[in-house]
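Written out below as structure tokens is the structure these notes cover.
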Amino acid sequence: MAKSSARAPKADKKASAKSSKTTNVEVVEESAGLGFLEGASIIIALVLIAAIVLVDHELGAIGQGIFF
């Protein structure tokens, strides 16, 4: 029994030594990313470009298109 009580303080010293070794951590906020308005504006721009190309393609069938 004397040996088991002698081991308990050593374990406490090891635990306290491990807990005293701490490092400073800097918290950095991540960017929000692509928001709703930015995403909507990109999609609208792509749809507008596609609409212009499709209309020009149809006009190209009758000889009036710019690209086709």
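Chain lettering (A, B, ...) mirrors the order of the structure tokens, residue numbering begins at 1 for each chain separately, and ligand numbering begins at 1 in order of display.
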
Write out as a list in words which residues come within 10 Å of Ile66 in chain A when counting only C-alpha atoms, dropping same-chain ones fewer than 6 positions away.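 Residues near the query, excluding close chain neighbours: Val53, Asp56, His57, Leu59 and Gly60 of chain A.
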
Selection above as a file: N, CA and C atoms, as a PDB file, in the first residue's frame:
```pdb
ATOM      1  N   VAL A  53     -26.125  35.122 -77.461  1.00  0.00           N
ATOM      2  CA  VAL A  53     -25.550  34.199 -78.446  1.00  0.00           C
ATOM      3  C   VAL A  53     -26.652  33.410 -79.154  1.00  0.00           C
ATOM      4  N   ASP A  56     -28.479  35.685 -81.589  1.00  0.00           N
ATOM      5  CA  ASP A  56     -27.623  35.936 -82.746  1.00  0.00           C
ATOM      6  C   ASP A  56     -27.526  34.708 -83.637  1.00  0.00           C
ATOM      7  N   HIS A  57     -27.555  33.525 -83.052  1.00  0.00           N
ATOM      8  CA  HIS A  57     -27.527  32.303 -83.848  1.00  0.00           C
ATOM      9  C   HIS A  57     -28.788  32.194 -84.704  1.00  0.00           C
ATOM     10  N   LEU A  59     -30.625  34.716 -85.680  1.00  0.00           N
ATOM     11  CA  LEU A  59     -30.549  35.757 -86.712  1.00  0.00           C
ATOM     12  C   LEU A  59     -29.564  35.377 -87.806  1.00  0.00           C
ATOM     13  N   GLY A  60     -28.558  34.583 -87.465  1.00  0.00           N
ATOM     14  CA  GLY A  60     -27.587  34.133 -88.452  1.00  0.00           C
ATOM     15  C   GLY A  60     -28.214  33.214 -89.490  1.00  0.00           C
TER      16      GLY A  60
END
```

For a test of reading the model, state the distance in Å between CA of Gly65 in chain A and CA of Ala51 in chain A, rounded to one decimal. 13.4 Å

What are the DSSP alpha helix (DSSP H) residues of range 34-65 of chain A, as an MDAnalysis selection string? chainID A and resid 36:61

Find, counting only C-alpha atoms, the residue in A:Phe36, A:Lys21, A:Phe67, A:Glu30 that gets nearest to Ile52 in chain A.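 For Ile52 in chain A, the nearest of the given residues is A:Phe67.
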